[in-house]
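Student: Got a file for you: my_file12.cif, mmCIF, C-alpha atoms (C1' of nucleotides).
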```cif
data_upload
loop_
_atom_site.label_atom_id
_atom_site.label_comp_id
_atom_site.auth_asym_id
_atom_site.auth_seq_id
_atom_site.Cartn_x
_atom_site.Cartn_y
_atom_site.Cartn_z
CA MET A 614 -73.75 73.39 116.95
CA ARG A 615 -71.81 70.21 117.27
CA LEU A 616 -73.92 67.13 118.00
CA SER A 617 -72.35 63.74 118.60
CA ALA A 618 -73.26 60.87 116.31
CA ARG A 619 -75.15 59.38 119.22
CA THR A 620 -77.31 62.46 119.60
CA GLN A 621 -77.99 62.73 115.90
CA TYR A 622 -79.01 59.09 115.82
CA ALA A 623 -81.33 59.62 118.75
CA LEU A 624 -83.02 62.54 116.98
CA ARG A 625 -83.38 60.61 113.77
CA ALA A 626 -84.77 57.56 115.52
CA ALA A 627 -87.29 59.70 117.35
CA VAL A 628 -88.39 61.36 114.14
CA GLU A 629 -88.79 57.95 112.59
CA LEU A 630 -91.11 56.99 115.43
CA ALA A 631 -93.02 60.24 115.05
CA ALA A 632 -93.54 59.58 111.37
CA ALA A 633 -94.72 56.00 111.77
CA PRO A 634 -98.42 55.13 111.94
CA SER A 635 -99.43 54.19 115.45
CA GLY A 636 -98.24 50.89 116.84
CA PRO A 637 -94.80 49.56 117.79
CA VAL A 638 -91.91 50.09 115.40
CA PRO A 639 -89.18 47.43 115.64
CA ALA A 640 -85.60 48.65 116.03
CA ASP A 641 -84.67 46.87 112.83
CA ARG A 642 -86.95 49.13 110.82
CA ILE A 643 -85.44 52.25 112.34
CA SER A 644 -81.95 50.92 111.88
CA ILE A 645 -82.52 50.36 108.19
CA ALA A 646 -84.53 53.48 107.46
CA GLN A 647 -82.06 55.76 109.21
CA ARG A 648 -78.87 53.79 108.56
CA ILE A 649 -77.96 53.48 112.20
CA PRO A 650 -75.78 50.55 113.37
CA ARG A 651 -78.20 48.09 114.93
CA ARG A 652 -76.54 47.36 118.28
CA PHE A 653 -75.73 51.02 118.77
CA LEU A 654 -79.34 51.91 118.12
CA ASP A 655 -80.52 49.41 120.75
CA ASN A 656 -78.33 51.17 123.19
CA ILE A 657 -79.72 54.59 122.33
CA LEU A 658 -83.36 53.50 122.38
CA LEU A 659 -82.82 51.99 125.78
CA GLN A 660 -81.63 55.35 127.04
CA LEU A 661 -84.63 57.12 125.56
CA ARG A 662 -86.98 54.64 127.14
CA ARG A 663 -85.38 54.96 130.57
CA ALA A 664 -85.80 58.69 130.28
CA GLY A 665 -89.49 58.18 129.63
CA LEU A 666 -89.56 59.58 126.12
CA ILE A 667 -90.52 56.34 124.43
CA ASN A 668 -92.18 53.06 125.36
CA SER A 669 -91.38 49.55 124.25
CA GLN A 670 -92.88 46.12 123.93
CA ARG A 671 -91.00 42.84 123.65
CA GLY A 672 -91.83 39.79 121.62
CA PRO A 673 -93.21 39.39 118.12
CA ASP A 674 -94.88 42.57 116.85
CA GLY A 675 -93.00 44.40 119.58
CA GLY A 676 -91.06 47.59 119.10
CA TYR A 677 -90.92 51.19 120.19
CA TRP A 678 -93.31 54.11 120.13
CA LEU A 679 -93.40 57.63 121.49
CA ALA A 680 -94.55 58.01 125.06
CA ARG A 681 -96.21 61.35 124.27
CA PRO A 682 -97.72 62.89 121.15
CA ALA A 683 -95.06 63.94 118.69
CA ALA A 684 -96.17 67.55 119.04
CA GLU A 685 -95.25 67.42 122.72
CA ILE A 686 -91.69 66.21 122.38
CA SER A 687 -89.14 68.83 121.44
CA LEU A 688 -85.71 68.32 119.97
CA ALA A 689 -84.32 69.80 123.17
CA ASP A 690 -86.02 67.04 125.17
CA ILE A 691 -84.11 64.42 123.27
CA ILE A 692 -80.79 66.21 123.22
CA LEU A 693 -81.01 66.77 126.94
CA VAL A 694 -81.49 63.08 127.58
CA ILE A 695 -78.56 62.04 125.44
CA GLU A 696 -76.03 64.74 126.20
CA GLY A 697 -76.98 65.25 129.81
CA VAL A 698 -77.07 68.66 131.41
CA ALA A 699 -74.16 70.87 130.41
CA GLN A 700 -72.11 72.00 133.37
CA GLU A 701 -71.33 75.66 133.45
CA HIS A 702 -68.01 76.83 132.12
CA GLU A 703 -65.39 78.61 134.20
CA ARG A 704 -65.45 82.37 134.54
CA PHE A 705 -63.53 84.57 132.15
CA PRO A 706 -61.24 86.89 134.08
CA GLY A 707 -60.66 90.58 133.53
CA VAL A 708 -61.15 92.09 130.12
CA SER A 709 -62.40 88.84 128.63
CA GLU A 710 -65.42 88.77 130.89
CA PRO A 711 -67.86 90.07 128.24
CA LEU A 712 -67.17 86.91 126.28
CA GLU A 713 -69.35 85.11 128.78
CA LYS A 714 -72.32 87.17 127.69
CA VAL A 715 -71.69 86.36 124.06
CA LEU A 716 -71.45 82.64 124.61
CA GLY A 717 -74.43 82.73 126.93
CA ALA A 718 -76.55 84.50 124.33
CA LEU A 719 -75.65 81.93 121.71
CA ARG A 720 -76.48 79.06 124.00
CA GLU A 721 -79.77 80.63 124.93
CA HIS A 722 -80.85 81.27 121.39
CA GLN A 723 -80.03 77.70 120.54
CA ASP A 724 -81.87 76.27 123.50
CA ASN A 725 -84.95 78.33 122.70
CA LEU A 726 -85.08 77.21 119.13
CA LEU A 727 -84.55 73.55 119.97
CA ALA A 728 -87.23 73.71 122.63
CA GLU A 729 -89.70 75.11 120.13
CA ILE A 730 -89.26 72.57 117.41
CA THR A 731 -91.08 69.31 118.00
CA LEU A 732 -90.91 65.88 116.45
CA ALA A 733 -94.24 66.65 114.79
CA HIS A 734 -92.70 69.65 113.05
CA VAL A 735 -89.83 67.62 111.72
CA ALA A 736 -91.75 64.48 110.81
CA GLY A 737 -94.42 66.59 109.14
CA GLY A 738 -91.83 68.56 107.22
CA SER A 739 -93.35 71.88 108.28
CA LEU A 740 -90.85 73.69 110.43
CA PRO A 741 -91.63 76.90 112.28
CA ASP A 742 -89.74 80.07 111.34
CA LEU A 743 -86.05 79.40 111.82
CA SER A 744 -84.79 82.85 110.99
CA ARG A 745 -84.95 84.34 114.43
CA MET B 643 -72.13 76.20 121.68
CA ARG B 644 -69.33 74.03 122.85
CA LEU B 645 -65.87 75.58 122.61
CA SER B 646 -62.76 73.64 123.57
CA ALA B 647 -60.53 75.01 126.31
CA ARG B 648 -57.98 75.77 123.62
CA THR B 649 -60.42 77.92 121.70
CA GLN B 650 -61.60 79.75 124.79
CA TYR B 651 -58.01 80.45 125.74
CA ALA B 652 -57.31 81.78 122.26
CA LEU B 653 -60.26 84.14 122.48
CA ARG B 654 -59.28 85.34 125.90
CA ALA B 655 -55.66 85.88 124.90
CA ALA B 656 -56.75 87.85 121.86
CA VAL B 657 -59.05 90.02 123.96
CA GLU B 658 -56.18 90.63 126.33
CA LEU B 659 -54.08 91.86 123.42
CA ALA B 660 -56.93 94.03 122.20
CA ALA B 661 -57.26 95.63 125.60
CA ALA B 662 -53.56 96.36 126.07
CA PRO B 663 -52.06 99.73 125.18
CA SER B 664 -50.00 99.51 122.01
CA GLY B 665 -46.69 97.69 122.15
CA PRO B 666 -45.76 94.04 122.66
CA VAL B 667 -47.42 92.10 125.45
CA PRO B 668 -45.31 89.23 126.82
CA ALA B 669 -46.96 85.83 127.05
CA ASP B 670 -46.35 85.82 130.78
CA ARG B 671 -48.66 88.78 131.24
CA ILE B 672 -51.43 87.11 129.30
CA SER B 673 -50.89 83.85 131.11
CA ILE B 674 -51.29 85.50 134.47
CA ALA B 675 -54.12 87.88 133.59
CA GLN B 676 -56.21 85.17 131.95
CA ARG B 677 -55.05 82.21 134.05
CA ILE B 678 -53.89 80.18 131.09
CA PRO B 679 -51.17 77.52 131.57
CA ARG B 680 -48.02 79.14 130.24
CA ARG B 681 -46.67 76.46 127.90
CA PHE B 682 -50.12 75.83 126.51
CA LEU B 683 -50.53 79.52 125.83
CA ASP B 684 -47.21 79.62 123.93
CA ASN B 685 -48.56 76.91 121.74
CA ILE B 686 -51.80 78.75 121.05
CA LEU B 687 -50.15 82.10 120.37
CA LEU B 688 -47.85 80.39 117.91
CA GLN B 689 -50.86 79.13 116.03
CA LEU B 690 -52.46 82.57 115.98
CA ARG B 691 -49.25 84.10 114.67
CA ARG B 692 -48.85 81.56 111.91
CA ALA B 693 -52.40 82.32 110.87
CA GLY B 694 -51.47 85.98 110.62
CA LEU B 695 -53.78 87.24 113.33
CA ILE B 696 -51.02 88.45 115.64
CA ASN B 697 -47.38 89.47 115.39
CA SER B 698 -44.53 88.79 117.76
CA GLN B 699 -41.13 90.03 118.74
CA ARG B 700 -38.47 88.08 120.60
CA GLY B 701 -36.03 89.23 123.22
CA PRO B 702 -36.37 91.65 126.11
CA ASP B 703 -39.42 93.88 125.73
CA GLY B 704 -40.69 91.40 123.20
CA GLY B 705 -44.18 89.95 123.15
CA TYR B 706 -47.28 89.76 121.04
CA TRP B 707 -49.68 92.26 119.48
CA LEU B 708 -52.60 92.17 117.10
CA ALA B 709 -51.76 92.16 113.42
CA ARG B 710 -54.85 94.25 112.61
CA PRO B 711 -56.94 96.77 114.52
CA ALA B 712 -59.08 95.10 117.15
CA ALA B 713 -62.20 96.29 115.38
CA GLU B 714 -61.20 94.27 112.34
CA ILE B 715 -60.75 90.91 114.02
CA SER B 716 -63.92 88.98 114.74
CA LEU B 717 -64.42 86.16 117.18
CA ALA B 718 -65.16 83.95 114.19
CA ASP B 719 -61.71 84.73 112.79
CA ILE B 720 -60.08 83.33 115.87
CA ILE B 721 -62.36 80.35 116.25
CA LEU B 722 -61.80 79.42 112.64
CA VAL B 723 -58.05 79.40 113.11
CA ILE B 724 -58.16 77.23 116.19
CA GLU B 725 -60.93 74.80 115.34
CA GLY B 726 -60.26 74.61 111.63
CA VAL B 727 -63.01 74.44 109.08
CA ALA B 728 -65.87 72.16 110.10
CA GLN B 729 -66.47 69.37 107.63
CA GLU B 730 -70.05 68.87 106.62
CA HIS B 731 -72.11 66.26 108.39
CA GLU B 732 -73.67 63.26 106.69
CA ARG B 733 -77.12 63.48 105.17
CA PHE B 734 -80.21 62.60 107.16
CA PRO B 735 -82.26 60.00 105.33
CA GLY B 736 -86.00 59.90 104.80
CA VAL B 737 -88.28 61.56 107.29
CA SER B 738 -85.41 62.96 109.32
CA GLU B 739 -84.20 65.09 106.45
CA PRO B 740 -85.76 68.33 107.76
CA LEU B 741 -83.43 68.07 110.73
CA GLU B 742 -80.66 69.21 108.42
CA LYS B 743 -82.39 72.51 107.94
CA VAL B 744 -82.75 73.00 111.65
CA LEU B 745 -79.12 72.32 112.39
CA GLY B 746 -78.06 74.39 109.43
CA ALA B 747 -80.09 77.36 110.64
CA LEU B 748 -78.54 77.14 114.08
CA ARG B 749 -75.05 76.99 112.69
CA GLU B 750 -75.71 79.91 110.44
CA HIS B 751 -77.11 82.11 113.15
CA GLN B 752 -74.12 81.33 115.27
CA ASP B 753 -71.61 82.02 112.52
CA ASN B 754 -73.27 85.33 111.74
CA LEU B 755 -73.18 86.51 115.30
CA LEU B 756 -69.58 85.47 115.85
CA ALA B 757 -68.53 87.16 112.63
CA GLU B 758 -70.12 90.40 113.77
CA ILE B 759 -68.56 90.65 117.17
CA THR B 760 -65.01 91.95 117.18
CA LEU B 761 -62.23 92.02 119.71
CA ALA B 762 -62.86 95.74 120.04
CA HIS B 763 -66.44 95.05 121.09
CA VAL B 764 -65.39 92.61 123.75
CA ALA B 765 -62.36 94.49 125.04
CA GLY B 766 -64.37 97.69 125.15
CA GLY B 767 -67.20 96.00 126.98
CA SER B 768 -69.78 97.35 124.54
CA LEU B 769 -71.32 94.45 122.71
CA PRO B 770 -73.71 94.86 119.78
CA ASP B 771 -77.25 93.61 120.13
CA LEU B 772 -77.12 89.90 120.94
CA SER B 773 -80.82 89.25 120.91
CA ARG B 774 -81.21 88.45 117.25
"C1'" DC C 1305 -19.65 89.45 123.43
"C1'" DC C 1306 -22.18 87.76 127.43
"C1'" DT C 1307 -26.42 87.43 129.98
"C1'" DG C 1308 -31.06 87.26 130.58
"C1'" DA C 1309 -35.57 87.78 128.66
"C1'" DT C 1310 -38.36 86.26 125.48
"C1'" DT C 1311 -40.41 83.74 121.53
"C1'" DC C 1312 -40.12 79.41 118.53
"C1'" DC C 1313 -40.74 74.58 117.52
"C1'" DT C 1314 -41.44 69.51 117.56
"C1'" DA C 1315 -42.64 65.86 120.02
"C1'" DC C 1316 -44.62 63.51 123.67
"C1'" DT C 1317 -48.16 61.87 127.18
"C1'" DA C 1318 -52.23 61.04 130.06
"C1'" DA C 1319 -57.02 61.38 130.40
"C1'" DA C 1320 -61.42 61.74 128.56
"C1'" DT C 1321 -64.79 61.09 125.06
"C1'" DA C 1322 -66.85 58.93 121.11
"C1'" DA C 1323 -68.46 55.27 118.48
"C1'" DG C 1324 -69.54 51.18 118.45
"C1'" DT C 1325 -69.38 45.85 119.51
"C1'" DC C 1326 -70.27 41.59 122.24
"C1'" DG C 1327 -72.48 38.02 124.63
"C1'" DG C 1328 -75.96 36.63 126.37
"C1'" DG C 1329 -80.53 37.27 129.20
"C1'" DT C 1330 -85.68 38.26 129.24
"C1'" DT C 1331 -90.40 38.51 127.48
"C1'" DA C 1332 -94.18 37.69 124.45
"C1'" DT C 1333 -96.74 35.24 120.71
"C1'" DC C 1334 -98.08 31.34 118.12
"C1'" DG D 1310 -90.79 25.40 122.39
"C1'" DA D 1311 -89.40 28.14 118.55
"C1'" DT D 1312 -89.06 32.58 117.06
"C1'" DA D 1313 -89.16 37.54 117.31
"C1'" DA D 1314 -88.20 41.07 119.58
"C1'" DC D 1315 -86.27 44.04 123.46
"C1'" DC D 1316 -82.88 44.38 127.75
"C1'" DC D 1317 -78.42 45.13 129.80
"C1'" DG D 1318 -73.68 45.66 131.35
"C1'" DA D 1319 -69.19 45.35 129.95
"C1'" DC D 1320 -65.80 45.75 126.68
"C1'" DT D 1321 -62.85 47.67 122.80
"C1'" DT D 1322 -60.72 50.84 119.70
"C1'" DA D 1323 -59.78 55.29 117.80
"C1'" DT D 1324 -59.80 60.12 118.26
"C1'" DT D 1325 -59.61 64.32 120.58
"C1'" DT D 1326 -58.34 67.18 124.33
"C1'" DA D 1327 -55.42 69.38 127.44
"C1'" DG D 1328 -51.68 70.01 128.36
"C1'" DT D 1329 -46.05 69.19 129.29
"C1'" DA D 1330 -40.97 68.72 128.00
"C1'" DG D 1331 -36.80 70.05 126.25
"C1'" DG D 1332 -34.43 72.80 124.25
"C1'" DA D 1333 -33.14 76.20 120.04
"C1'" DA D 1334 -33.24 80.94 118.19
"C1'" DT D 1335 -33.39 85.95 118.79
"C1'" DC D 1336 -32.78 90.37 120.73
"C1'" DA D 1337 -31.35 94.26 123.96
"C1'" DG D 1338 -28.33 96.22 127.27
"C1'" DG D 1339 -24.17 96.42 129.60
#
```
Render the structure in this file as structure tokens.

Tutor:
Amino acid sequence: MRLSARTQYALRAAVELAAAPSGPVPADRISIAQRIPRRFLDNILLQLRRAGLINSQRGPDGGYWLARPAAEISLADIILVIEGVAQEHERFPGVSEPLEKVLGALREHQDNLLAEITLAHVAGGSLPDLSR
Amino acid sequence: MRLSARTQYALRAAVELAAAPSGPVPADRISIAQRIPRRFLDNILLQLRRAGLINSQRGPDGGYWLARPAAEISLADIILVIEGVAQEHERFPGVSEPLEKVLGALREHQDNLLAEITLAHVAGGSLPDLSR
DNA sequence: CCTGATTCCTACTAAATAAGTCGGGTTATC
DNA sequence: GATAACCCGACTTATTTAGTAGGAATCAGG
């Protein structure tokens, strides 16, 4: 489970939005609360907005907010936007072929869990059962 | 579950050794069977030997073989040697803190599974239950 | 003791990715 | 029109990845 700094920042920013009372949250607030370099954060928020996960408003009292309820945005949604879709790996020849099944199972378990957990879970601090 | 080409090659080479009848297997055989660039494979096998996972013998009829029974070498053993020990990630501040638990749970599940599956499982084509 | 097969070892390189930074443009409110 | 905010593409720097190069050392058989 290796996530790039960019992806981790995106998740943290999104959780910050989920936790905020309704209304626009300026990037500065997120940057400070989550200790994310300001210009880098801009960049990331832009990507999230283009993907339709968040909305934005310019000018004084502008900022960002979630485009959907926090309970309807999963961690997988965000990761997918930032990391893009993973291209499939090459085949494993001969006796190593069963390795594909192992790696596939790991990926699948991971995807399932990340698709289940929403920003509401995280921001509310009440996570579903993680032990499966 | 992102594994570098180097790590995948290491796993595949190890499985190839596990599947071979006893006696040294020359790097050339592995290289061809698993379609791994020869010089790169040398490099990887060297690393596995230095870590004590495999043994080697030079000269005609030389080659490589597992240092322990295939049932006693897990995929995690090999991955650990190649990728090194993962340093811990930074803390997630404020409301994003629960994300740590999520990522930790994923990592743990993954580590457990990889520690359970051995080269014997893979080479024999009979994997334990992957659905947990 | 020579030849060929094989591993051993360090160093190098090219390409891709990651992690930001920069400079300015645009929009909205007062 | 000043100020607060987002918008956007391009750029930079460091690290990692995926190998490659060039040979040295070792071993068996003839």

Student: I'd like the neighbourhood of DC1334 (chain C) as a ChimeraX atom specification, where a residue qualifies if any of its atoms comes within 12 Å (using all atoms listed in the file), though same-chain residues fewer than 2 positions away should be ignored.

Tutor: /A:672-674 /C:1332 /D:1310-1313

Student: Write down, as a ChimeraX atom specification, each residue of chain B that has any atom within 6 Å of an atom of chain A, counting only C-alpha atoms.

Tutor: /B:643,654,657,676,735,737-738,740,749,764-765

Student: Taking the file as I've supplied it (selection: the PyMOL selection byres ((chain D and resi 1323) around 10)), which residues are included? Please answer as an NGL selection string.

Tutor: (:C and (1322-1323)) or (:D and (1321-1322 or 1324-1325))

Student: Counting all atoms listed in the file, which residues of chain A fall within 12 Å of chain C, and what is the closest atom pair for each with its distance in Å at one decimal, ordered by chain and rising number, as a tab-separated table?

Tutor:
```
residue	atom	partner	partner_atom	distance
A:Leu616	CA	C:DA1322	C1'	11.3
A:Ser617	CA	C:DA1322	C1'	7.7
A:Ala618	CA	C:DA1323	C1'	7.7
A:Arg619	CA	C:DA1323	C1'	7.9
A:Thr620	CA	C:DA1322	C1'	11.1
A:Tyr622	CA	C:DA1323	C1'	11.5
A:Ile649	CA	C:DG1324	C1'	10.7
A:Pro650	CA	C:DG1324	C1'	8.1
A:Arg651	CA	C:DG1324	C1'	9.8
A:Arg652	CA	C:DT1325	C1'	7.4
A:Phe653	CA	C:DG1324	C1'	6.2
A:Leu654	CA	C:DG1324	C1'	9.8
A:Asp655	CA	C:DG1324	C1'	11.4
A:Asn656	CA	C:DG1324	C1'	10.0
A:Ile657	CA	C:DG1324	C1'	11.4
A:Ser669	CA	C:DT1331	C1'	11.5
A:Gln670	CA	C:DA1332	C1'	8.5
A:Arg671	CA	C:DT1331	C1'	5.8
A:Gly672	CA	C:DA1332	C1'	4.2
A:Pro673	CA	C:DT1333	C1'	6.0
A:Asp674	CA	C:DT1333	C1'	8.5
A:Gly675	CA	C:DA1332	C1'	8.4
A:Gly676	CA	C:DA1332	C1'	11.7
A:Glu696	CA	C:DT1321	C1'	11.9
```

Student: For the atom pair CA of Tyr677 (chain A) and CA of Leu658 (chain A), what is the interatomic distance in Å to one decimal place?

Tutor: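 About the pair CA of Tyr677 (chain A) and CA of Leu658 (chain A): they are 8.2 Å apart.
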
Student: Which is closer to chain B than all the others in D:DC1315, D:DG1331, D:DT1326, D:DG1339, using only C-alpha atoms (C1' of nucleotides)?

Tutor: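 Of the candidates, the smallest distance to chain B is held by D:DT1326.
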
Student: Work out how far CA of Asn754 (chain B) is from CA of Val723 (chain B), in Å to one decimal.

Tutor: 16.4 Å
